[in-house]
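J.: Below is model09.tsv; it holds TSV, N, CA and C atoms.
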chain	number	residue	atom	x	y	z
W	1	MET	N	30.47	15.24	65.68
W	1	MET	CA	30.42	16.67	65.41
W	1	MET	C	31.77	17.27	65.79
W	2	ASN	N	32.23	18.16	64.97
W	2	ASN	CA	33.47	18.86	65.23
W	2	ASN	C	33.14	20.19	65.91
W	3	GLU	N	33.43	20.28	67.21
W	3	GLU	CA	33.10	21.47	68.00
W	3	GLU	C	33.77	22.74	67.45
W	4	GLU	N	34.99	22.62	67.01
W	4	GLU	CA	35.70	23.79	66.49
W	4	GLU	C	35.06	24.29	65.19
W	5	ALA	N	34.70	23.35	64.32
W	5	ALA	CA	34.03	23.74	63.07
W	5	ALA	C	32.68	24.40	63.36
W	6	LEU	N	31.93	23.83	64.30
W	6	LEU	CA	30.64	24.41	64.69
W	6	LEU	C	30.82	25.83	65.22
W	7	ASN	N	31.77	25.99	66.13
W	7	ASN	CA	32.02	27.30	66.73
W	7	ASN	C	32.42	28.32	65.68
W	8	THR	N	33.33	27.94	64.79
W	8	THR	CA	33.80	28.85	63.74
W	8	THR	C	32.65	29.22	62.81
W	9	SER	N	31.86	28.24	62.42
W	9	SER	CA	30.74	28.49	61.53
W	9	SER	C	29.70	29.40	62.17
W	10	LEU	N	29.37	29.16	63.44
W	10	LEU	CA	28.40	29.99	64.14
W	10	LEU	C	28.91	31.42	64.28
W	11	ARG	N	30.17	31.59	64.63
W	11	ARG	CA	30.73	32.94	64.77
W	11	ARG	C	30.66	33.69	63.45
W	12	LYS	N	30.99	33.02	62.35
W	12	LYS	CA	30.94	33.64	61.03
W	12	LYS	C	29.51	34.06	60.69
W	13	PHE	N	28.56	33.16	60.92
W	13	PHE	CA	27.15	33.45	60.64
W	13	PHE	C	26.67	34.62	61.49
W	14	LEU	N	26.94	34.60	62.79
W	14	LEU	CA	26.46	35.66	63.68
W	14	LEU	C	27.12	37.00	63.39
W	15	LYS	N	28.38	36.99	62.96
W	15	LYS	CA	29.04	38.24	62.57
W	15	LYS	C	28.33	38.84	61.36
W	16	GLU	N	28.02	38.00	60.37
W	16	GLU	CA	27.29	38.47	59.19
W	16	GLU	C	25.92	39.01	59.56
W	17	VAL	N	25.22	38.31	60.45
W	17	VAL	CA	23.90	38.78	60.92
W	17	VAL	C	24.04	40.14	61.58
W	18	GLY	N	25.01	40.28	62.47
W	18	GLY	CA	25.18	41.53	63.20
W	18	GLY	C	25.53	42.70	62.30
W	19	VAL	N	26.52	42.50	61.42
W	19	VAL	CA	26.96	43.58	60.54
W	19	VAL	C	25.86	43.98	59.57
W	20	THR	N	25.23	43.00	58.95
W	20	THR	CA	24.17	43.27	57.98
W	20	THR	C	22.96	43.93	58.65
W	21	SER	N	22.58	43.43	59.81
W	21	SER	CA	21.43	43.99	60.52
W	21	SER	C	21.67	45.44	60.91
W	22	GLN	N	22.85	45.73	61.45
W	22	GLN	CA	23.14	47.10	61.84
W	22	GLN	C	23.11	48.03	60.65
W	23	ARG	N	23.70	47.60	59.55
W	23	ARG	CA	23.73	48.43	58.33
W	23	ARG	C	22.31	48.72	57.85
W	24	GLU	N	21.46	47.71	57.81
W	24	GLU	CA	20.09	47.89	57.33
W	24	GLU	C	19.25	48.75	58.26
W	25	ILE	N	19.40	48.57	59.55
W	25	ILE	CA	18.65	49.38	60.52
W	25	ILE	C	19.07	50.85	60.39
W	26	GLU	N	20.38	51.10	60.37
W	26	GLU	CA	20.86	52.49	60.26
W	26	GLU	C	20.38	53.14	58.97
W	27	LYS	N	20.48	52.42	57.85
W	27	LYS	CA	20.04	52.96	56.55
W	27	LYS	C	18.56	53.31	56.58
W	28	THR	N	17.75	52.42	57.10
W	28	THR	CA	16.31	52.63	57.11
W	28	THR	C	15.90	53.74	58.07
W	29	ILE	N	16.59	53.86	59.19
W	29	ILE	CA	16.31	54.96	60.12
W	29	ILE	C	16.65	56.29	59.47
W	30	ARG	N	17.80	56.37	58.81
W	30	ARG	CA	18.17	57.62	58.13
W	30	ARG	C	17.14	58.00	57.07
W	31	GLU	N	16.67	57.01	56.31
W	31	GLU	CA	15.64	57.27	55.29
W	31	GLU	C	14.34	57.74	55.94
W	32	ALA	N	13.96	57.14	57.05
W	32	ALA	CA	12.73	57.51	57.74
W	32	ALA	C	12.81	58.93	58.30
W	33	ILE	N	13.98	59.32	58.77
W	33	ILE	CA	14.16	60.70	59.25
W	33	ILE	C	14.11	61.67	58.08
W	34	ALA	N	14.77	61.30	56.99
W	34	ALA	CA	14.81	62.19	55.81
W	34	ALA	C	13.43	62.42	55.22
W	35	ASP	N	12.58	61.41	55.23
W	35	ASP	CA	11.25	61.61	54.63
W	35	ASP	C	10.16	61.94	55.65
W	36	GLY	N	10.57	62.20	56.89
W	36	GLY	CA	9.63	62.70	57.89
W	36	GLY	C	8.87	61.65	58.68
W	37	ARG	N	9.12	60.37	58.46
W	37	ARG	CA	8.42	59.34	59.24
W	37	ARG	C	8.92	59.28	60.68
W	38	LEU	N	10.16	59.69	60.89
W	38	LEU	CA	10.73	59.78	62.24
W	38	LEU	C	11.30	61.17	62.45
W	39	LYS	N	11.33	61.60	63.71
W	39	LYS	CA	11.91	62.89	64.04
W	39	LYS	C	13.38	62.77	64.42
W	40	GLY	N	13.79	61.59	64.86
W	40	GLY	CA	15.18	61.38	65.26
W	40	GLY	C	15.38	61.33	66.76
W	41	SER	N	14.29	61.43	67.51
W	41	SER	CA	14.39	61.41	68.97
W	41	SER	C	13.63	60.23	69.57
W	42	GLU	N	13.10	59.36	68.73
W	42	GLU	CA	12.28	58.25	69.19
W	42	GLU	C	13.12	57.11	69.78
W	43	THR	N	12.42	56.25	70.48
W	43	THR	CA	12.95	54.94	70.86
W	43	THR	C	12.10	53.93	70.12
W	44	LEU	N	12.75	53.06	69.37
W	44	LEU	CA	12.05	52.12	68.52
W	44	LEU	C	12.13	50.71	69.10
W	45	SER	N	11.03	50.00	69.08
W	45	SER	CA	11.09	48.60	69.49
W	45	SER	C	11.58	47.79	68.30
W	46	ALA	N	12.36	46.77	68.59
W	46	ALA	CA	12.92	45.92	67.53
W	46	ALA	C	12.77	44.46	67.94
W	47	LYS	N	12.69	43.61	66.94
W	47	LYS	CA	12.56	42.17	67.20
W	47	LYS	C	13.36	41.41	66.15
W	48	VAL	N	14.05	40.39	66.59
W	48	VAL	CA	14.74	39.48	65.70
W	48	VAL	C	14.20	38.08	65.96
W	49	VAL	N	13.87	37.38	64.90
W	49	VAL	CA	13.43	35.99	65.04
W	49	VAL	C	14.46	35.12	64.33
W	50	LEU	N	15.13	34.30	65.11
W	50	LEU	CA	16.15	33.39	64.60
W	50	LEU	C	15.51	32.02	64.42
W	51	THR	N	15.64	31.47	63.22
W	51	THR	CA	15.09	30.14	62.99
W	51	THR	C	16.14	29.25	62.34
W	52	VAL	N	16.15	28.02	62.76
W	52	VAL	CA	16.93	26.97	62.10
W	52	VAL	C	15.94	25.84	61.89
W	53	ASP	N	15.38	25.77	60.70
W	53	ASP	CA	14.26	24.87	60.41
W	53	ASP	C	14.55	23.41	60.73
W	54	LYS	N	15.69	22.92	60.31
W	54	LYS	CA	15.96	21.48	60.41
W	54	LYS	C	15.97	20.97	61.86
W	55	ILE	N	16.31	21.85	62.81
W	55	ILE	CA	16.33	21.43	64.22
W	55	ILE	C	15.17	22.00	65.02
W	56	GLY	N	14.28	22.72	64.35
W	56	GLY	CA	13.08	23.25	65.01
W	56	GLY	C	13.34	24.42	65.94
W	57	LEU	N	14.42	25.15	65.71
W	57	LEU	CA	14.74	26.30	66.57
W	57	LEU	C	13.98	27.53	66.10
W	58	ILE	N	13.28	28.15	67.02
W	58	ILE	CA	12.66	29.46	66.82
W	58	ILE	C	12.97	30.24	68.08
W	59	HIS	N	13.78	31.28	67.96
W	59	HIS	CA	14.18	32.06	69.12
W	59	HIS	C	13.95	33.54	68.80
W	60	THR	N	13.20	34.22	69.66
W	60	THR	CA	12.86	35.62	69.45
W	60	THR	C	13.62	36.48	70.45
W	61	ILE	N	14.19	37.56	69.93
W	61	ILE	CA	14.91	38.53	70.77
W	61	ILE	C	14.22	39.88	70.58
W	62	ASP	N	13.73	40.45	71.67
W	62	ASP	CA	13.10	41.77	71.64
W	62	ASP	C	14.06	42.78	72.25
W	63	GLY	N	14.05	43.99	71.71
W	63	GLY	CA	14.90	45.03	72.25
W	63	GLY	C	14.42	46.41	71.85
W	64	MET	N	15.20	47.39	72.23
W	64	MET	CA	14.87	48.78	71.94
W	64	MET	C	16.08	49.43	71.23
W	65	VAL	N	15.78	50.34	70.30
W	65	VAL	CA	16.81	51.11	69.61
W	65	VAL	C	16.52	52.58	69.92
W	66	GLU	N	17.41	53.20	70.66
W	66	GLU	CA	17.23	54.61	71.06
W	66	GLU	C	17.93	55.50	70.05
W	67	LEU	N	17.23	56.49	69.56
W	67	LEU	CA	17.81	57.41	68.57
W	67	LEU	C	18.44	58.64	69.23
W	68	GLN	N	18.18	58.82	70.51
W	68	GLN	CA	18.77	59.97	71.18
W	68	GLN	C	19.09	59.62	72.61
Can the structure from this file be put into C-alpha coordinates for me?

T.:
Amino acid sequence: MNEEALNTSLRKFLKEVGVTSQREIEKTIREAIADGRLKGSETLSAKVVLTVDKIGLIHTIDGMVELQ
(Lines of atoms letter the chains of each structure in order from A and count residues from 1; the text may use other names and numbers.)
(Lines give C-alpha, C1' and ligand atoms only; values in the text may rest on other atoms or scores of the structure.)
Protein backbone atom coordinates (compact mmCIF):
# COMPACT_ATOMS: atom_id res chain seq x y z
CA MET A 1 0.00 0.00 0.00
CA ASN A 2 1.23 3.46 -0.83
CA GLU A 3 0.67 5.59 2.30
CA GLU A 4 0.98 8.87 0.41
CA ALA A 5 -1.58 7.83 -2.19
CA LEU A 6 -3.96 6.67 0.56
CA ASN A 7 -3.55 9.93 2.47
CA THR A 8 -4.06 12.07 -0.63
CA SER A 9 -7.10 10.08 -1.72
CA LEU A 10 -8.69 10.23 1.74
CA ARG A 11 -8.11 13.97 2.04
CA LYS A 12 -9.70 14.55 -1.38
CA PHE A 13 -12.70 12.38 -0.50
CA LEU A 14 -13.21 14.00 2.93
CA LYS A 15 -12.90 17.51 1.46
CA GLU A 16 -15.65 16.66 -1.05
CA VAL A 17 -17.80 15.21 1.75
CA GLY A 18 -17.32 18.31 3.90
CA VAL A 19 -17.95 20.89 1.17
CA THR A 20 -20.94 19.07 -0.31
CA SER A 21 -22.48 18.33 3.09
CA GLN A 22 -22.20 21.93 4.26
CA ARG A 23 -23.72 23.23 1.04
CA GLU A 24 -26.67 20.82 1.24
CA ILE A 25 -27.35 21.46 4.93
CA GLU A 26 -27.27 25.25 4.47
CA LYS A 27 -29.53 25.09 1.39
CA THR A 28 -32.07 22.86 3.11
CA ILE A 29 -32.10 24.96 6.29
CA ARG A 30 -32.73 28.12 4.26
CA GLU A 31 -35.59 26.39 2.44
CA ALA A 32 -37.07 25.16 5.72
CA ILE A 33 -36.97 28.67 7.18
CA ALA A 34 -38.50 30.15 4.02
CA ASP A 35 -41.43 27.75 4.03
CA GLY A 36 -42.02 27.95 7.77
CA ARG A 37 -40.78 24.51 8.87
CA LEU A 38 -38.07 26.21 10.94
CA LYS A 39 -38.03 29.54 12.74
CA GLY A 40 -34.27 30.00 12.51
CA SER A 41 -33.50 29.76 16.21
CA GLU A 42 -33.50 25.97 16.61
CA THR A 43 -30.70 23.57 17.37
CA LEU A 44 -30.87 20.61 15.03
CA SER A 45 -29.50 17.15 15.66
CA ALA A 46 -27.46 15.76 12.78
CA LYS A 47 -26.01 12.37 11.97
CA VAL A 48 -23.51 11.18 9.38
CA VAL A 49 -23.05 7.50 8.64
CA LEU A 50 -19.79 6.69 6.87
CA THR A 51 -19.61 3.32 5.19
CA VAL A 52 -16.92 1.56 3.22
CA ASP A 53 -18.59 -1.69 2.20
CA LYS A 54 -15.57 -3.69 1.06
CA ILE A 55 -13.83 -3.39 4.45
CA GLY A 56 -16.97 -3.52 6.58
CA LEU A 57 -16.62 0.00 7.98
CA ILE A 58 -19.72 1.60 9.44
CA HIS A 59 -18.97 4.71 11.50
CA THR A 60 -21.65 7.04 12.85
CA ILE A 61 -21.01 10.65 13.86
CA ASP A 62 -23.71 12.48 15.83
CA GLY A 63 -23.71 16.22 16.34
CA MET A 64 -25.72 19.38 16.68
CA VAL A 65 -26.23 22.30 14.27
CA GLU A 66 -27.11 25.54 16.06
CA LEU A 67 -28.99 28.14 14.03
CA GLN A 68 -28.53 30.92 16.55

J.: Given the point (15.5, 46.3, 66.2) in the file's coordinates, find the residues that have an atom at most 6 Å from it, counting all atoms listed in the file, and give them as number ranges by chain.

T.: W: 45-47, 63-65

J.: From the list W:Thr43, W:Asp62, W:Glu16, W:Ile55, which residue is nearest W:Ile29 when using only C-alpha atoms?

T.: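 Of W:Thr43, W:Asp62, W:Glu16, W:Ile55, the one nearest W:Ile29 is W:Thr43, counting only C-alpha atoms.
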
J.: Based on the backbone DSSP call, show me all residues of chain W assigned strand (DSSP E), as a PyMOL selection string.

T.: chain W and resi 43-52+57-66

J.: Of the candidates W:Ile58, W:Ile25, W:Leu67, W:Ala32, which shows the shortest atom-to-atom distance to W:Leu44, using all atoms listed in the file?

T.: W:Leu67

J.: For the atom pair atom CA of W:Ser21 and atom CA of W:Ile61, what is the interatomic distance in Å to one decimal place?

T.: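 Between atom CA of W:Ser21 and atom CA of W:Ile61 the gap is 13.3 Å.
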